[in-house]
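Chemist: Structure: target_36.txt, compact mmCIF, C-alpha atoms.
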```
# COMPACT_ATOMS: atom_id res chain seq x y z
CA MET A 1 49.60 30.53 -232.55
CA ASN A 2 50.21 32.19 -229.21
CA LYS A 3 53.85 33.28 -229.22
CA ASN A 4 54.07 33.99 -225.51
CA ARG A 5 57.07 32.49 -223.78
CA ARG A 6 56.63 28.76 -223.08
CA ASP A 7 58.75 26.40 -221.04
CA ILE A 8 60.56 23.38 -222.39
CA THR A 9 58.11 20.99 -220.77
CA THR A 10 55.26 22.15 -223.01
CA MET A 11 57.50 22.74 -226.02
CA VAL A 12 54.85 24.75 -227.85
CA LEU A 13 57.35 26.41 -230.08
CA PHE A 14 57.12 28.33 -233.30
CA GLY A 15 58.76 28.88 -236.65
CA LEU A 16 58.31 31.37 -239.42
CA ALA A 17 58.05 30.78 -243.15
CA ALA A 18 58.22 34.02 -245.07
CA VAL A 19 58.39 34.59 -248.81
CA LEU A 20 59.05 38.16 -249.85
CA LEU A 21 59.95 39.69 -253.19
CA VAL A 22 63.43 41.19 -253.15
CA LEU A 23 64.67 43.40 -255.96
CA GLY A 24 68.32 44.26 -255.63
CA THR A 25 69.86 43.58 -252.25
CA ALA A 26 67.94 41.75 -249.56
CA GLY A 27 66.73 43.75 -246.60
CA THR A 28 66.45 42.72 -242.99
CA SER A 29 63.49 40.38 -243.39
CA GLN A 30 63.84 37.00 -241.75
CA ALA A 31 63.13 35.30 -245.05
CA ALA A 32 63.45 36.52 -248.60
CA LEU A 33 62.20 35.29 -251.94
CA THR A 34 64.40 36.29 -254.86
CA TYR A 35 62.61 35.85 -258.15
CA PHE A 36 65.29 36.86 -260.62
CA SER A 37 68.61 38.56 -261.05
CA GLU A 38 68.56 42.21 -262.04
CA ASN A 39 71.05 41.30 -264.75
CA TYR A 40 68.31 39.39 -266.54
CA THR A 41 65.35 41.76 -266.26
CA ALA A 42 65.35 42.25 -270.01
CA GLN A 43 64.87 38.54 -270.60
CA ILE A 44 61.90 37.84 -268.36
CA GLN A 45 58.95 39.54 -266.73
CA VAL A 46 58.94 39.32 -262.93
CA TYR A 47 55.18 38.83 -263.20
CA ASP A 48 55.74 35.40 -264.75
CA ILE A 49 57.25 33.90 -261.60
CA GLY A 50 55.38 32.81 -258.51
CA VAL A 51 56.48 30.54 -255.68
CA THR A 52 54.62 28.82 -252.85
CA LEU A 53 56.09 27.15 -249.78
CA THR A 54 54.06 24.11 -248.71
CA GLU A 55 53.93 22.25 -245.39
CA ASN A 56 52.33 18.82 -245.07
CA GLY A 57 50.48 19.40 -248.32
CA ASN A 58 49.15 22.85 -247.39
CA ASP A 59 50.14 26.17 -248.93
CA ILE A 60 51.83 28.23 -246.21
CA SER A 61 53.43 31.24 -247.89
CA TRP A 62 53.28 32.52 -251.43
CA ARG A 63 53.62 35.49 -253.75
CA ASN A 64 51.87 35.32 -257.11
CA TYR A 65 50.98 37.91 -259.71
CA THR A 66 47.24 38.54 -260.07
CA GLY A 67 47.47 39.62 -263.71
CA SER A 68 46.36 43.17 -262.95
CA GLY A 69 48.76 46.11 -262.80
CA ASP A 70 51.32 45.65 -260.04
CA VAL A 71 48.98 43.72 -257.77
CA TRP A 72 50.21 40.56 -256.07
CA ASN A 73 48.45 37.78 -254.22
CA GLU A 74 50.71 37.07 -251.28
CA ASN A 75 50.68 35.50 -247.86
CA THR A 76 53.30 35.06 -245.16
CA GLY A 77 52.46 32.04 -243.04
CA GLU A 78 53.86 30.20 -240.06
CA LEU A 79 55.53 26.83 -239.87
CA LEU A 80 54.63 24.30 -237.16
CA ALA A 81 51.35 26.10 -236.38
CA ASP A 82 49.49 22.77 -236.41
CA MET A 83 52.25 20.68 -234.91
CA LEU A 84 50.34 20.22 -231.65
CA ASP A 85 46.67 20.35 -230.70
CA GLU A 86 46.99 23.10 -228.14
CA ALA A 87 43.23 23.26 -227.57
CA ALA A 88 43.36 19.67 -226.36
CA GLY A 89 46.41 20.39 -224.21
CA GLU A 90 48.78 18.31 -226.33
CA LYS A 91 52.40 18.72 -225.30
CA LEU A 92 55.44 18.13 -227.44
CA ILE A 93 57.37 14.98 -226.60
CA PRO A 94 61.15 15.24 -227.09
CA GLY A 95 62.36 12.30 -229.15
CA LYS A 96 59.08 11.92 -231.04
CA ALA A 97 59.08 12.52 -234.80
CA TYR A 98 56.32 14.86 -235.98
CA PRO A 99 55.24 15.19 -239.63
CA GLU A 100 56.96 18.13 -241.30
CA ALA A 101 56.90 17.65 -245.08
CA LEU A 102 58.19 20.87 -246.63
CA SER A 103 58.29 21.57 -250.34
CA VAL A 104 58.04 24.26 -253.00
CA LYS A 105 55.35 24.71 -255.64
CA ASN A 106 55.73 26.67 -258.85
CA SER A 107 52.71 28.95 -258.65
CA GLY A 108 53.90 31.09 -261.57
CA THR A 109 53.50 30.67 -265.31
CA ILE A 110 57.02 29.72 -266.44
CA ASP A 111 59.50 26.94 -265.74
CA GLN A 112 61.96 27.67 -262.95
CA TYR A 113 64.75 26.39 -260.72
CA VAL A 114 64.25 26.72 -256.98
CA ARG A 115 66.45 26.94 -253.92
CA VAL A 116 65.51 26.60 -250.25
CA MET A 117 67.37 27.81 -247.18
CA VAL A 118 66.26 26.37 -243.86
CA TYR A 119 67.31 27.90 -240.53
CA ARG A 120 67.05 26.23 -237.14
CA TYR A 121 68.20 27.68 -233.83
CA TRP A 122 67.22 28.31 -230.21
CA VAL A 123 66.24 31.44 -228.31
CA ASP A 124 66.27 31.96 -224.56
CA GLU A 125 63.57 33.26 -222.23
CA GLU A 126 64.14 36.83 -223.45
CA GLY A 127 63.90 35.81 -227.09
CA ASN A 128 67.64 36.16 -227.72
CA LYS A 129 69.43 33.64 -229.88
CA THR A 130 71.45 31.26 -227.71
CA THR A 131 74.28 28.84 -228.35
CA GLU A 132 73.63 26.84 -225.19
CA LEU A 133 71.62 24.40 -227.26
CA SER A 134 72.90 23.12 -230.58
CA PRO A 135 70.82 23.58 -233.75
CA GLU A 136 71.46 19.88 -234.38
CA LEU A 137 69.05 19.11 -231.52
CA ILE A 138 66.34 20.32 -233.92
CA ASP A 139 66.33 17.38 -236.32
CA LEU A 140 64.57 18.26 -239.57
CA ASN A 141 64.90 15.00 -241.47
CA LEU A 142 65.89 15.60 -245.09
CA THR A 143 64.56 13.20 -247.71
CA GLY A 144 67.10 13.81 -250.48
CA SER A 145 64.29 13.23 -253.00
CA GLY A 146 65.38 15.31 -255.94
CA TRP A 147 67.18 17.85 -253.75
CA VAL A 148 70.91 18.39 -253.33
CA LYS A 149 72.51 20.02 -250.29
CA ASP A 150 75.10 22.73 -250.84
CA GLU A 151 77.66 21.57 -248.30
CA GLN A 152 79.88 24.61 -248.74
CA ALA A 153 77.09 27.09 -248.05
CA SER A 154 75.46 25.10 -245.23
CA THR A 155 76.24 25.45 -241.52
CA ASP A 156 74.89 23.89 -238.34
CA GLU A 157 72.21 26.58 -238.31
CA ARG A 158 71.55 26.95 -242.04
CA THR A 159 70.88 24.27 -244.64
CA VAL A 160 70.93 25.25 -248.33
CA LEU A 161 69.14 22.97 -250.77
CA TYR A 162 68.64 23.06 -254.54
CA TYR A 163 65.97 21.17 -256.43
CA THR A 164 67.83 19.43 -259.23
CA GLY A 165 64.95 19.38 -261.70
CA VAL A 166 63.02 22.02 -263.60
CA LEU A 167 59.83 22.94 -261.78
CA ALA A 168 57.01 23.45 -264.27
CA PRO A 169 54.06 25.79 -263.66
CA GLY A 170 51.66 24.22 -261.18
CA GLU A 171 54.15 21.51 -260.20
CA THR A 172 55.20 20.79 -256.63
CA ALA A 173 58.67 19.41 -256.01
CA PRO A 174 59.08 16.27 -253.87
CA ALA A 175 59.21 17.15 -250.18
CA PHE A 176 62.74 17.99 -249.04
CA SER A 177 61.90 17.03 -245.44
CA ASP A 178 59.42 14.66 -243.85
CA THR A 179 59.68 14.88 -240.05
CA ILE A 180 60.96 17.10 -237.27
CA THR A 181 62.20 15.79 -233.92
CA ILE A 182 63.50 17.60 -230.87
CA ASP A 183 66.30 15.56 -229.37
CA SER A 184 65.26 13.97 -226.09
CA SER A 185 68.46 15.18 -224.39
CA VAL A 186 66.97 18.69 -223.96
CA ALA A 187 64.57 17.31 -221.34
CA LYS A 188 67.19 15.35 -219.44
CA LYS A 189 69.11 18.28 -218.03
CA PHE A 190 67.48 19.70 -214.93
CA LYS A 191 68.24 21.69 -211.80
CA GLU A 192 67.32 20.53 -208.31
CA THR A 193 66.96 22.79 -205.29
CA ARG A 194 66.38 21.80 -201.66
CA GLU A 195 64.74 23.89 -199.00
CA THR A 196 64.50 22.88 -195.36
CA THR A 197 61.21 23.75 -193.70
CA GLY A 198 59.58 22.90 -190.40
CA SER A 199 57.89 19.97 -192.11
CA GLY A 200 61.08 18.61 -193.64
CA THR A 201 63.03 19.11 -196.86
CA VAL A 202 61.26 20.31 -199.99
CA VAL A 203 62.94 19.24 -203.23
CA THR A 204 62.09 21.23 -206.36
CA THR A 205 63.10 20.02 -209.81
CA ALA A 206 63.06 22.30 -212.86
CA TYR A 207 64.26 21.75 -216.40
CA ALA A 208 67.46 23.64 -217.18
CA TYR A 209 65.98 25.06 -220.39
CA ASP A 210 62.62 26.27 -219.13
CA GLY A 211 61.45 29.12 -221.34
CA TYR A 212 63.69 28.22 -224.29
CA GLN A 213 62.17 28.00 -227.77
CA PHE A 214 63.32 26.47 -231.02
CA ILE A 215 62.94 28.37 -234.27
CA LEU A 216 62.43 26.88 -237.73
CA GLU A 217 62.51 29.22 -240.73
CA ALA A 218 62.44 28.57 -244.46
CA GLU A 219 63.31 30.79 -247.42
CA THR A 220 62.67 29.90 -251.03
CA ASP A 221 64.09 31.46 -254.21
CA ALA A 222 63.31 30.97 -257.88
CA VAL A 223 65.29 31.64 -261.06
CA GLN A 224 64.06 31.33 -264.65
CA THR A 225 65.40 28.51 -266.80
CA HIS A 226 66.44 30.80 -269.66
CA ASN A 227 70.24 31.04 -269.73
CA ALA A 228 70.00 29.22 -266.39
CA ALA A 229 73.66 28.71 -265.45
CA ASP A 230 74.47 32.41 -265.83
CA ALA A 231 71.22 33.50 -264.18
CA ILE A 232 71.83 31.22 -261.19
CA LYS A 233 75.43 32.42 -260.86
CA SER A 234 74.27 36.03 -260.86
CA ALA A 235 71.29 35.52 -258.53
CA TRP A 236 72.66 32.92 -256.12
CA GLY A 237 76.42 33.18 -256.54
CA VAL A 238 76.95 29.47 -257.24
CA ASP A 239 78.30 27.61 -260.24
CA VAL A 240 76.01 24.94 -261.62
CA SER A 241 75.91 22.63 -264.58
CA ILE A 242 72.69 22.15 -266.53
CA GLY A 243 72.32 18.80 -268.25
CA SER A 244 70.71 18.15 -271.61
CA GLY A 245 67.45 17.26 -269.86
CA GLY A 246 67.55 20.36 -267.67
CA GLY A 247 68.92 18.65 -264.58
CA LEU A 248 70.91 20.89 -262.23
CA SER A 249 74.11 19.86 -260.46
CA LEU A 250 76.39 21.93 -258.24
CA GLN A 251 80.01 22.56 -259.20
CA ASN A 252 81.64 22.49 -255.76
```
Please express the file's structure as structure tokens.

Modeler:
Amino acid sequence: MNKNRRDITTMVLFGLAAVLLVLGTAGTSQAALTYFSENYTAQIQVYDIGVTLTENGNDISWRNYTGSGDVWNENTGELLADMLDEAAGEKLIPGKAYPEALSVKNSGTIDQYVRVMVYRYWVDEEGNKTTELSPELIDLNLTGSGWVKDEQASTDERTVLYYTGVLAPGETAPAFSDTITIDSSVAKKFKETRETTGSGTVVTTAYAYDGYQFILEAETDAVQTHNAADAIKSAWGVDVSIGSGGGLSLQN
């Protein structure tokens, strides 16, 4: 997708979905994929875990072991790349819900628990994050299908979700979102200028947020099911309960 600056009337905006292996502390990447806690390296091979982020049924980003040495099959993709048909000149319509079914697939070889962190925010014409527009104007509709939101860790900009079931190898969790909508109010604020010429008065109307972009990012993490409560506490810093059937619940 062309990432050149676009105005709010076209709304051809972008998001990133990155999945990166992080051992130890996370770096400065926009998105990070944590496979396991260092405290549990003796209990599991990192090569056994693989995770794929899916969008509308398509694999977007993944990191999977190839089975040879320290060689990984990985891809960092882009969210919302097919949101609009730019070749046909399609323009985003504020207030319209667009399909955005996001989920996580276990592309490894062992059972795992997964977490997703979704970020939504706005940047101005220079690409700087801005608070002039609320993240809540970017409405990613959450389904609640098998996912629980960590209210304590979530903010207006960041939403933290845990899949409550065990994700088996090859299994894709139910989508945690289904649509994305940009609130119609962003197109209702405009500036009007008047210029008097020899032919009369020329009135020019421009949207107040011309050049602004919205950003949607997603991170996904996986933890092995062995000694799960302790592993999750060490890797993610949260207390969970694991039921007899493997179901995960947050202890908030």

Chemist: Can you list, as a tab-separated table (two decimals) with C-alpha atoms, in the frame of the given file, every protein, DNA or RNA residue that comes within 9 Å of A:Tyr121 when you count all atoms listed in the file, leaving out same-chain residues fewer than 4 positions away?

Modeler:
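Heads up, here's the output in result.tsv:
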```tsv
chain	number	residue	atom	x	y	z
A	129	LYS	CA	69.43	33.64	-229.88
A	130	THR	CA	71.45	31.26	-227.71
A	131	THR	CA	74.28	28.84	-228.35
A	133	LEU	CA	71.62	24.40	-227.26
A	134	SER	CA	72.90	23.12	-230.58
A	135	PRO	CA	70.82	23.58	-233.75
A	136	GLU	CA	71.46	19.88	-234.38
A	137	LEU	CA	69.05	19.11	-231.52
A	138	ILE	CA	66.34	20.32	-233.92
A	156	ASP	CA	74.89	23.89	-238.34
A	157	GLU	CA	72.21	26.58	-238.31
A	158	ARG	CA	71.55	26.95	-242.04
A	213	GLN	CA	62.17	28.00	-227.77
A	214	PHE	CA	63.32	26.47	-231.02
A	215	ILE	CA	62.94	28.37	-234.27
A	216	LEU	CA	62.43	26.88	-237.73
```

Chemist: Taking all atoms listed in the file into account, produce a table as JSON lines in which each residue of stretch 74-183 of chain A with an atom at most 12 Å from an atom of stretch 238-251 of chain A appears once, together with its shortest atom pair and the distance in Å to one decimal, ordered by chain and rising number.

Modeler:
```
{"residue": "A:Asp111", "atom": "CA", "partner": "A:Gly246", "partner_atom": "CA", "distance": 10.6}
{"residue": "A:Gln112", "atom": "CA", "partner": "A:Gly246", "partner_atom": "CA", "distance": 10.3}
{"residue": "A:Tyr113", "atom": "CA", "partner": "A:Leu248", "partner_atom": "CA", "distance": 8.4}
{"residue": "A:Val114", "atom": "CA", "partner": "A:Leu248", "partner_atom": "CA", "distance": 10.3}
{"residue": "A:Arg115", "atom": "CA", "partner": "A:Leu248", "partner_atom": "CA", "distance": 11.2}
{"residue": "A:Gly146", "atom": "CA", "partner": "A:Gly247", "partner_atom": "CA", "distance": 9.9}
{"residue": "A:Trp147", "atom": "CA", "partner": "A:Leu248", "partner_atom": "CA", "distance": 9.8}
{"residue": "A:Val148", "atom": "CA", "partner": "A:Ser249", "partner_atom": "CA", "distance": 8.0}
{"residue": "A:Lys149", "atom": "CA", "partner": "A:Leu250", "partner_atom": "CA", "distance": 9.1}
{"residue": "A:Asp150", "atom": "CA", "partner": "A:Leu250", "partner_atom": "CA", "distance": 7.6}
{"residue": "A:Glu151", "atom": "CA", "partner": "A:Leu250", "partner_atom": "CA", "distance": 10.0}
{"residue": "A:Gln152", "atom": "CA", "partner": "A:Val238", "partner_atom": "CA", "distance": 10.2}
{"residue": "A:Ala153", "atom": "CA", "partner": "A:Val238", "partner_atom": "CA", "distance": 9.5}
{"residue": "A:Val160", "atom": "CA", "partner": "A:Val238", "partner_atom": "CA", "distance": 11.6}
{"residue": "A:Leu161", "atom": "CA", "partner": "A:Leu250", "partner_atom": "CA", "distance": 10.5}
{"residue": "A:Tyr162", "atom": "CA", "partner": "A:Leu248", "partner_atom": "CA", "distance": 8.3}
{"residue": "A:Tyr163", "atom": "CA", "partner": "A:Leu248", "partner_atom": "CA", "distance": 7.6}
{"residue": "A:Thr164", "atom": "CA", "partner": "A:Leu248", "partner_atom": "CA", "distance": 4.5}
{"residue": "A:Gly165", "atom": "CA", "partner": "A:Gly247", "partner_atom": "CA", "distance": 5.0}
{"residue": "A:Val166", "atom": "CA", "partner": "A:Gly246", "partner_atom": "CA", "distance": 6.3}
{"residue": "A:Leu167", "atom": "CA", "partner": "A:Gly246", "partner_atom": "CA", "distance": 10.0}
{"residue": "A:Ala168", "atom": "CA", "partner": "A:Gly246", "partner_atom": "CA", "distance": 11.5}
```

Chemist: Of the candidates A:Ala88, A:Ile232, A:Ala101, A:Ala218, which shows the shortest atom-to-atom distance to A:Asp178, using only C-alpha atoms?

Modeler: A:Ala101

Chemist: May I have the residues within 6 Å of A:Ser61 as a list of chain:residue names, using only C-alpha atoms and disregarding those fewer than 3 positions away in the same chain?

Modeler: A:Thr52, A:Leu53, A:Asn75, A:Thr76, A:Gly77

Chemist: For atom CA of A:Asp183 and atom CA of A:Ile93, determine how far apart the two atoms are, in Å to one decimal place.

Modeler: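 So the answer is 9.4 Å.
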
Chemist: Residues near A:Leu140, anyone? I mean within 8 Å using all atoms listed in the file, not counting same-chain ones fewer than 3 positions away, as a list in words.

Modeler: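 Near neighbours after the sequence-gap exclusion: Glu100, Ser177, Asp178, Thr179, Ile180 and Thr181 of chain A.
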
Chemist: What lies within 12 Å of A:Thr66 using all atoms listed in the file, ignoring chain neighbours under 4 positions off, as a PyMOL selection string?

Modeler: chain A and resi 47-50+70-74+107-109

Chemist: Between atom CA of A:Met117 and atom CA of A:Thr159, what distance in Å does the model show, to one decimal?

Modeler: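 The value is 5.6 Å.
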
Chemist: Which is closest to A:Ile110 among A:Val186, A:Val51, A:Leu84, A:Ala231, if we use only C-alpha atoms?

Modeler: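 With only C-alpha atoms as the atom set, the closest residue is A:Val51.
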
Chemist: Can you tell me how far atom CA of A:Glu171 sits from atom CA of A:Asn56, in Å to one decimal?

Modeler: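 Going from atom CA of A:Glu171 over to atom CA of A:Asn56, I get 15.5 Å.
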
Chemist: Could you check which of A:Thr225, A:Ser103, A:Ser185, A:Thr220 is closest to A:Gly144, using only C-alpha atoms?

Modeler: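 Distance minimum relative to A:Gly144 lands on A:Ser103.
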
Chemist: When you count only C-alpha atoms, which of these residues is closest to A:Arg120: A:Asp210, A:Glu55, A:Asp85, A:Glu219?

Modeler: A:Glu219
